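One file, start27.cif, is given below (mmCIF, C-alpha atoms).
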```cif
data_query
loop_
_atom_site.group_PDB
_atom_site.id
_atom_site.type_symbol
_atom_site.label_atom_id
_atom_site.label_comp_id
_atom_site.auth_asym_id
_atom_site.auth_seq_id
_atom_site.Cartn_x
_atom_site.Cartn_y
_atom_site.Cartn_z
ATOM 1 C CA MET A 1282 0.000 0.000 0.000
ATOM 2 C CA LYS A 1283 1.324 3.366 -1.002
ATOM 3 C CA PHE A 1284 1.120 6.265 1.495
ATOM 4 C CA ASN A 1285 0.265 9.542 -0.247
ATOM 5 C CA TRP A 1286 -1.541 12.827 0.472
ATOM 6 C CA GLY A 1287 -5.008 11.305 0.122
ATOM 7 C CA THR A 1288 -4.222 8.530 2.594
ATOM 8 C CA GLY A 1289 -2.743 11.055 5.071
ATOM 9 C CA ILE A 1290 -5.783 13.323 4.885
ATOM 10 C CA ALA A 1291 -8.145 10.376 5.331
ATOM 11 C CA LEU A 1292 -6.180 9.162 8.370
ATOM 12 C CA ALA A 1293 -6.177 12.684 9.846
ATOM 13 C CA PHE A 1294 -9.977 12.905 9.463
ATOM 14 C CA VAL A 1295 -10.470 9.495 11.077
ATOM 15 C CA ALA A 1296 -8.159 10.427 13.971
ATOM 16 C CA PHE A 1297 -9.929 13.765 14.501
ATOM 17 C CA ILE A 1298 -13.415 12.213 14.415
ATOM 18 C CA SER A 1299 -12.261 9.483 16.832
ATOM 19 C CA PHE A 1300 -10.920 12.101 19.254
ATOM 20 C CA ILE A 1301 -14.149 14.125 19.134
ATOM 21 C CA MET A 1302 -16.298 11.013 19.669
ATOM 22 C CA TYR A 1303 -14.115 9.967 22.638
ATOM 23 C CA PHE A 1304 -14.433 13.475 24.103
ATOM 24 C CA ILE A 1305 -18.239 13.578 23.696
ATOM 25 C CA ILE A 1306 -18.757 10.127 25.188
ATOM 26 C CA THR A 1307 -16.450 10.901 28.130
ATOM 27 C CA MET A 1308 -18.205 14.200 28.907
ATOM 28 C CA SER A 1309 -21.702 12.746 28.750
ATOM 29 C CA VAL A 1310 -21.025 9.559 30.742
ATOM 30 C CA ASP A 1311 -18.583 10.678 33.444
ATOM 31 C CA LYS A 1312 -20.396 11.883 36.607
ATOM 32 C CA LYS A 1313 -17.646 14.284 37.660
ATOM 33 C CA TYR A 1314 -18.617 16.610 34.793
ATOM 34 C CA ASN A 1315 -21.859 17.999 36.195
ATOM 35 C CA HIS A 1316 -23.947 19.773 33.574
ATOM 36 C CA ASP A 1317 -27.345 20.301 35.153
ATOM 37 C CA LEU A 1318 -29.976 22.732 34.033
ATOM 38 C CA VAL A 1319 -30.305 25.964 36.004
ATOM 39 C CA THR A 1320 -33.419 24.594 37.684
ATOM 40 C CA GLU A 1321 -34.939 21.137 37.801
ATOM 41 C CA ASP A 1322 -38.286 22.359 36.475
ATOM 42 C CA TYR A 1323 -36.945 24.561 33.685
ATOM 43 C CA TYR A 1324 -39.883 24.123 31.297
ATOM 44 C CA GLY A 1325 -42.485 24.630 34.003
ATOM 45 C CA GLN A 1326 -40.832 27.903 34.972
ATOM 46 C CA GLU A 1327 -40.741 28.980 31.331
ATOM 47 C CA LEU A 1328 -44.527 28.667 31.197
ATOM 48 C CA GLU A 1329 -44.761 31.056 34.179
ATOM 49 C CA PHE A 1330 -42.595 33.669 32.457
ATOM 50 C CA GLN A 1331 -45.443 36.001 31.389
ATOM 51 C CA ASN A 1332 -46.894 35.842 34.893
ATOM 52 C CA ASP A 1333 -43.492 36.887 36.266
ATOM 53 C CA LEU A 1334 -43.321 39.806 33.817
ATOM 54 C CA ASN A 1335 -46.727 41.015 35.026
ATOM 55 C CA LYS A 1336 -45.572 40.812 38.645
ATOM 56 C CA GLU A 1337 -42.397 42.762 37.847
ATOM 57 C CA ASN A 1338 -44.460 45.476 36.137
ATOM 58 C CA ASN A 1339 -46.681 45.686 39.230
ATOM 59 C CA ALA A 1340 -43.556 46.161 41.362
ATOM 60 C CA LYS A 1341 -42.240 48.905 39.066
ATOM 61 C CA ASN A 1342 -45.536 50.793 39.462
ATOM 62 C CA LEU A 1343 -45.156 50.978 43.248
ATOM 63 C CA ALA A 1344 -44.214 54.323 44.756
ATOM 64 C CA GLN A 1345 -41.343 52.580 46.537
ATOM 65 C CA ASN A 1346 -39.963 49.171 45.564
ATOM 66 C CA ILE A 1347 -37.962 46.664 47.590
ATOM 67 C CA THR A 1348 -34.398 47.597 48.461
ATOM 68 C CA TYR A 1349 -31.667 45.653 50.200
ATOM 69 C CA ASN A 1350 -28.699 46.368 52.464
ATOM 70 C CA ILE A 1351 -25.739 44.208 53.387
ATOM 71 C CA SER A 1352 -24.824 44.398 57.053
ATOM 72 C CA ALA A 1353 -22.764 42.430 59.560
ATOM 73 C CA GLU A 1354 -25.869 40.420 60.522
ATOM 74 C CA GLY A 1355 -26.598 39.425 56.928
ATOM 75 C CA LEU A 1356 -28.733 40.572 54.014
ATOM 76 C CA ILE A 1357 -31.563 42.929 54.969
ATOM 77 C CA ILE A 1358 -34.467 43.136 52.530
ATOM 78 C CA ASN A 1359 -36.460 46.356 52.992
ATOM 79 C CA PHE A 1360 -40.099 46.281 51.939
ATOM 80 C CA PRO A 1361 -41.937 49.519 51.036
ATOM 81 C CA SER A 1362 -42.583 51.560 54.166
ATOM 82 C CA ASP A 1363 -45.917 52.906 52.892
ATOM 83 C CA LEU A 1364 -47.444 49.386 52.979
ATOM 84 C CA ASP A 1365 -48.814 47.556 56.011
ATOM 85 C CA TYR A 1366 -46.137 44.906 56.641
ATOM 86 C CA THR A 1367 -48.628 42.544 58.343
ATOM 87 C CA LYS A 1368 -50.394 42.032 54.993
ATOM 88 C CA ILE A 1369 -47.228 41.128 53.080
ATOM 89 C CA THR A 1370 -46.830 37.420 52.297
ATOM 90 C CA GLY A 1371 -44.665 35.429 49.931
ATOM 91 C CA LYS A 1372 -41.238 33.873 49.694
ATOM 92 C CA VAL A 1373 -37.616 34.789 49.064
ATOM 93 C CA PHE A 1374 -35.499 32.517 46.876
ATOM 94 C CA LEU A 1375 -31.722 32.892 46.844
ATOM 95 C CA TYR A 1376 -29.955 31.163 43.980
ATOM 96 C CA ARG A 1377 -26.216 30.544 43.921
ATOM 97 C CA PRO A 1378 -25.105 30.200 40.247
ATOM 98 C CA SER A 1379 -21.844 28.457 41.120
ATOM 99 C CA ASN A 1380 -23.350 25.669 43.254
ATOM 100 C CA LYS A 1381 -27.008 24.660 43.490
ATOM 101 C CA GLN A 1382 -26.497 23.028 46.896
ATOM 102 C CA PHE A 1383 -26.386 26.482 48.476
ATOM 103 C CA ASP A 1384 -29.743 27.570 46.989
ATOM 104 C CA PHE A 1385 -32.511 28.084 49.515
ATOM 105 C CA GLU A 1386 -35.984 29.489 49.878
ATOM 106 C CA THR A 1387 -37.452 31.187 52.921
ATOM 107 C CA PRO A 1388 -41.012 32.373 53.593
ATOM 108 C CA ILE A 1389 -41.645 36.034 54.261
ATOM 109 C CA SER A 1390 -42.646 36.644 57.867
ATOM 110 C CA LEU A 1391 -42.213 40.235 58.939
ATOM 111 C CA SER A 1392 -42.244 41.917 62.345
ATOM 112 C CA ASN A 1393 -41.374 45.253 60.718
ATOM 113 C CA HIS A 1394 -40.639 46.379 57.151
ATOM 114 C CA ASN A 1395 -37.340 44.478 57.051
ATOM 115 C CA LEU A 1396 -36.531 40.816 56.480
ATOM 116 C CA LEU A 1397 -33.118 39.558 57.608
ATOM 117 C CA ILE A 1398 -31.359 36.694 55.837
ATOM 118 C CA PRO A 1399 -28.691 35.636 58.376
ATOM 119 C CA ASP A 1400 -25.030 35.901 57.452
ATOM 120 C CA LYS A 1401 -24.441 32.218 58.252
ATOM 121 C CA ARG A 1402 -26.746 31.204 55.350
ATOM 122 C CA LEU A 1403 -24.840 33.266 52.765
ATOM 123 C CA LEU A 1404 -21.404 32.683 51.318
ATOM 124 C CA ASP A 1405 -19.318 35.446 49.816
ATOM 125 C CA GLY A 1406 -19.838 35.831 46.091
ATOM 126 C CA ARG A 1407 -22.654 36.250 43.601
ATOM 127 C CA TRP A 1408 -26.273 35.485 44.453
ATOM 128 C CA ASN A 1409 -29.477 35.925 42.476
ATOM 129 C CA ILE A 1410 -32.308 37.026 44.729
ATOM 130 C CA LYS A 1411 -35.961 36.615 43.802
ATOM 131 C CA VAL A 1412 -38.668 37.999 46.104
ATOM 132 C CA ASP A 1413 -42.138 36.818 45.093
ATOM 133 C CA TRP A 1414 -44.637 38.600 47.353
ATOM 134 C CA LYS A 1415 -48.282 39.598 47.650
ATOM 135 C CA TYR A 1416 -49.985 42.577 49.208
ATOM 136 C CA ASN A 1417 -53.798 42.986 49.171
ATOM 137 C CA GLU A 1418 -54.238 40.313 46.481
ATOM 138 C CA ASN A 1419 -51.717 42.058 44.198
ATOM 139 C CA SER A 1420 -48.638 40.036 43.248
ATOM 140 C CA TYR A 1421 -45.184 41.530 42.934
ATOM 141 C CA LEU A 1422 -41.774 40.215 41.945
ATOM 142 C CA TYR A 1423 -38.336 41.637 42.666
ATOM 143 C CA LYS A 1424 -35.237 40.142 41.020
ATOM 144 C CA LYS A 1425 -31.684 41.261 41.552
ATOM 145 C CA GLU A 1426 -28.145 39.948 41.186
ATOM 146 C CA ILE A 1427 -26.107 40.792 44.254
ATOM 147 C CA ILE A 1428 -22.516 40.341 45.357
ATOM 148 C CA TYR A 1429 -22.401 39.393 49.012
#
```
Would you mind writing the structure in this file as structure tokens?
Amino acid sequence: MKFNWGTGIALAFVAFISFIMYFIITMSVDKKYNHDLVTEDYYGQELEFQNDLNKENNAKNLAQNITYNISAEGLIINFPSDLDYTKITGKVFLYRPSNKQFDFETPISLSNHNLLIPDKRLLDGRWNIKVDWKYNENSYLYKKEIIY
């Protein structure tokens, strides 16, 4: 058998395709390469997207929206002071993009206009905060990326 340019190019293609197939199979089978979706119920949340947009628009129409402060005690979420805090219900979801094991959700229970997320629950770094709350049958949504 004579080795020429055509044979070399064919062997290079076969070697390249073999390497790519090995790489794909290794990445999809090996458990140490974790490639999860952002959330477990991604498609269910996508169906709620328009509802979330409506809630965000409701929040933008408030005279005062939610704000937050970072203190030594933790993350303080400040609800609008012109609303009666006893009628505010909902939940706060904190999402850690780098590791889903640190994600958590907490219900809103207020004794004043502030909600404290303790420092021991939060690691330094980036967090996505989502406050889904209701006041007098109106739903509101506040989303923010924060660096703690």
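For the structure shown here, the set of residues caught by the PyMOL selection byres ((chain A and resi 1360-1366) around 6) is Gln1345, Asn1346, Ile1347, Asn1359, Thr1367, Lys1368, Ile1369 and His1394 of chain A.
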Q | Minimum-distance residue to Pro1378 (chain A), chosen among A:Glu1426, A:Ala1344, A:Lys1336, A:Ile1351 (using all atoms listed in the file) | A | A:Glu1426
**Q.** Å distance separating CA of Lys1425 (chain A) from CA of Glu1337 (chain A), one decimal place
**A.** 11.4 Å
Residues near Leu1403 (chain A), cut-off 12 Å, all atoms listed in the file, skip fewer than 6 positions along chain, as a PDB file with C-alpha atoms, in the coordinates of the input:
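Saved file result_13.pdb follows:
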```
ATOM      1  CA  ILE A1351     -25.739  44.208  53.387  1.00  0.00           C
ATOM      2  CA  SER A1352     -24.824  44.398  57.053  1.00  0.00           C
ATOM      3  CA  ALA A1353     -22.764  42.430  59.560  1.00  0.00           C
ATOM      4  CA  GLU A1354     -25.869  40.420  60.522  1.00  0.00           C
ATOM      5  CA  GLY A1355     -26.598  39.425  56.928  1.00  0.00           C
ATOM      6  CA  LEU A1356     -28.733  40.572  54.014  1.00  0.00           C
ATOM      7  CA  ILE A1357     -31.563  42.929  54.969  1.00  0.00           C
ATOM      8  CA  LEU A1375     -31.722  32.892  46.844  1.00  0.00           C
ATOM      9  CA  TYR A1376     -29.955  31.163  43.980  1.00  0.00           C
ATOM     10  CA  ARG A1377     -26.216  30.544  43.921  1.00  0.00           C
ATOM     11  CA  GLN A1382     -26.497  23.028  46.896  1.00  0.00           C
ATOM     12  CA  PHE A1383     -26.386  26.482  48.476  1.00  0.00           C
ATOM     13  CA  ASP A1384     -29.743  27.570  46.989  1.00  0.00           C
ATOM     14  CA  PHE A1385     -32.511  28.084  49.515  1.00  0.00           C
ATOM     15  CA  LEU A1397     -33.118  39.558  57.608  1.00  0.00           C
ATOM     16  CA  ASN A1409     -29.477  35.925  42.476  1.00  0.00           C
ATOM     17  CA  ILE A1410     -32.308  37.026  44.729  1.00  0.00           C
ATOM     18  CA  ILE A1427     -26.107  40.792  44.254  1.00  0.00           C
ATOM     19  CA  ILE A1428     -22.516  40.341  45.357  1.00  0.00           C
ATOM     20  CA  TYR A1429     -22.401  39.393  49.012  1.00  0.00           C
TER      21      TYR A1429
END
```
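Among the candidate residues A:Thr1387, A:Thr1307, A:Asn1419, A:Gln1326, the one lying nearest to Asn1339 (chain A) is A:Asn1419, with distances computed using all atoms listed in the file.
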Q. Could you spell out the hits of the PyMOL selection byres ((chain A and resi 1372) around 12) on the shown file, as a PyMOL selection string?
A. chain A and resi 1358+1369-1371+1373-1375+1385-1391+1396+1398+1410-1415+1420-1423
Taking all atoms of region 1291-1304 of chain A that the file lists, what box with edges along x, y and z, padded by 6 Å per side, do you get, with centre and edge lengths in Å to one decimal, as lines of an AutoDock Vina configuration file?
```
center_x = -11.2
center_y = 11.6
center_z = 14.7
size_x = 22.1
size_y = 17.0
size_z = 30.8
```
(Q) I'd like the contact shell of Tyr1314 (chain A) - 12 Å cut-off, only C-alpha atoms, skipping same-chain residues fewer than 5 positions apart - returned as a PyMOL selection string. (A) chain A and resi 1304-1309
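The spacing separating CA of Tyr1349 (chain A) from CA of Lys1424 (chain A) amounts to 11.3 Å.
The coordinates place CA of Glu1418 (chain A) at 23.2 Å from CA of Glu1327 (chain A).
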Because the input lacks atoms here, generate N, CA and C atoms for region 1395-1412 of chain A and report them as a PDB file, in the coordinates of the input.
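The file below, out.pdb, is the result:
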```
ATOM      1  N   ASN A1395     -38.595  45.089  57.470  1.00  0.00           N
ATOM      2  CA  ASN A1395     -37.340  44.478  57.051  1.00  0.00           C
ATOM      3  C   ASN A1395     -37.361  42.976  57.264  1.00  0.00           C
ATOM      4  N   LEU A1396     -36.722  42.264  56.351  1.00  0.00           N
ATOM      5  CA  LEU A1396     -36.531  40.816  56.480  1.00  0.00           C
ATOM      6  C   LEU A1396     -35.034  40.558  56.470  1.00  0.00           C
ATOM      7  N   LEU A1397     -34.546  39.836  57.482  1.00  0.00           N
ATOM      8  CA  LEU A1397     -33.118  39.558  57.608  1.00  0.00           C
ATOM      9  C   LEU A1397     -32.829  38.129  57.167  1.00  0.00           C
ATOM     10  N   ILE A1398     -31.911  38.001  56.209  1.00  0.00           N
ATOM     11  CA  ILE A1398     -31.359  36.694  55.837  1.00  0.00           C
ATOM     12  C   ILE A1398     -30.029  36.606  56.576  1.00  0.00           C
ATOM     13  N   PRO A1399     -29.896  35.673  57.535  1.00  0.00           N
ATOM     14  CA  PRO A1399     -28.691  35.636  58.376  1.00  0.00           C
ATOM     15  C   PRO A1399     -27.410  35.418  57.583  1.00  0.00           C
ATOM     16  N   ASP A1400     -26.345  35.992  58.082  1.00  0.00           N
ATOM     17  CA  ASP A1400     -25.030  35.901  57.452  1.00  0.00           C
ATOM     18  C   ASP A1400     -24.557  34.458  57.327  1.00  0.00           C
ATOM     19  N   LYS A1401     -24.917  33.604  58.280  1.00  0.00           N
ATOM     20  CA  LYS A1401     -24.441  32.218  58.252  1.00  0.00           C
ATOM     21  C   LYS A1401     -25.034  31.419  57.088  1.00  0.00           C
ATOM     22  N   ARG A1402     -26.134  31.893  56.497  1.00  0.00           N
ATOM     23  CA  ARG A1402     -26.746  31.204  55.350  1.00  0.00           C
ATOM     24  C   ARG A1402     -26.124  31.615  54.018  1.00  0.00           C
ATOM     25  N   LEU A1403     -25.360  32.703  54.009  1.00  0.00           N
ATOM     26  CA  LEU A1403     -24.840  33.266  52.765  1.00  0.00           C
ATOM     27  C   LEU A1403     -23.326  33.162  52.691  1.00  0.00           C
ATOM     28  N   LEU A1404     -22.837  32.692  51.574  1.00  0.00           N
ATOM     29  CA  LEU A1404     -21.404  32.683  51.318  1.00  0.00           C
ATOM     30  C   LEU A1404     -21.035  33.927  50.530  1.00  0.00           C
ATOM     31  N   ASP A1405     -19.781  34.316  50.620  1.00  0.00           N
ATOM     32  CA  ASP A1405     -19.318  35.446  49.816  1.00  0.00           C
ATOM     33  C   ASP A1405     -19.395  35.075  48.338  1.00  0.00           C
ATOM     34  N   GLY A1406     -19.774  36.059  47.526  1.00  0.00           N
ATOM     35  CA  GLY A1406     -19.838  35.831  46.091  1.00  0.00           C
ATOM     36  C   GLY A1406     -21.169  36.283  45.516  1.00  0.00           C
ATOM     37  N   ARG A1407     -21.456  35.824  44.321  1.00  0.00           N
ATOM     38  CA  ARG A1407     -22.654  36.250  43.601  1.00  0.00           C
ATOM     39  C   ARG A1407     -23.870  35.415  43.988  1.00  0.00           C
ATOM     40  N   TRP A1408     -24.978  36.098  44.177  1.00  0.00           N
ATOM     41  CA  TRP A1408     -26.273  35.485  44.453  1.00  0.00           C
ATOM     42  C   TRP A1408     -27.314  36.149  43.561  1.00  0.00           C
ATOM     43  N   ASN A1409     -28.295  35.377  43.133  1.00  0.00           N
ATOM     44  CA  ASN A1409     -29.477  35.925  42.476  1.00  0.00           C
ATOM     45  C   ASN A1409     -30.608  35.850  43.487  1.00  0.00           C
ATOM     46  N   ILE A1410     -31.221  36.984  43.759  1.00  0.00           N
ATOM     47  CA  ILE A1410     -32.308  37.026  44.729  1.00  0.00           C
ATOM     48  C   ILE A1410     -33.614  37.244  43.982  1.00  0.00           C
ATOM     49  N   LYS A1411     -34.630  36.504  44.409  1.00  0.00           N
ATOM     50  CA  LYS A1411     -35.961  36.615  43.802  1.00  0.00           C
ATOM     51  C   LYS A1411     -36.976  36.677  44.948  1.00  0.00           C
ATOM     52  N   VAL A1412     -37.660  37.813  45.063  1.00  0.00           N
ATOM     53  CA  VAL A1412     -38.668  37.999  46.104  1.00  0.00           C
ATOM     54  C   VAL A1412     -40.027  38.003  45.420  1.00  0.00           C
TER      55      VAL A1412
END
```
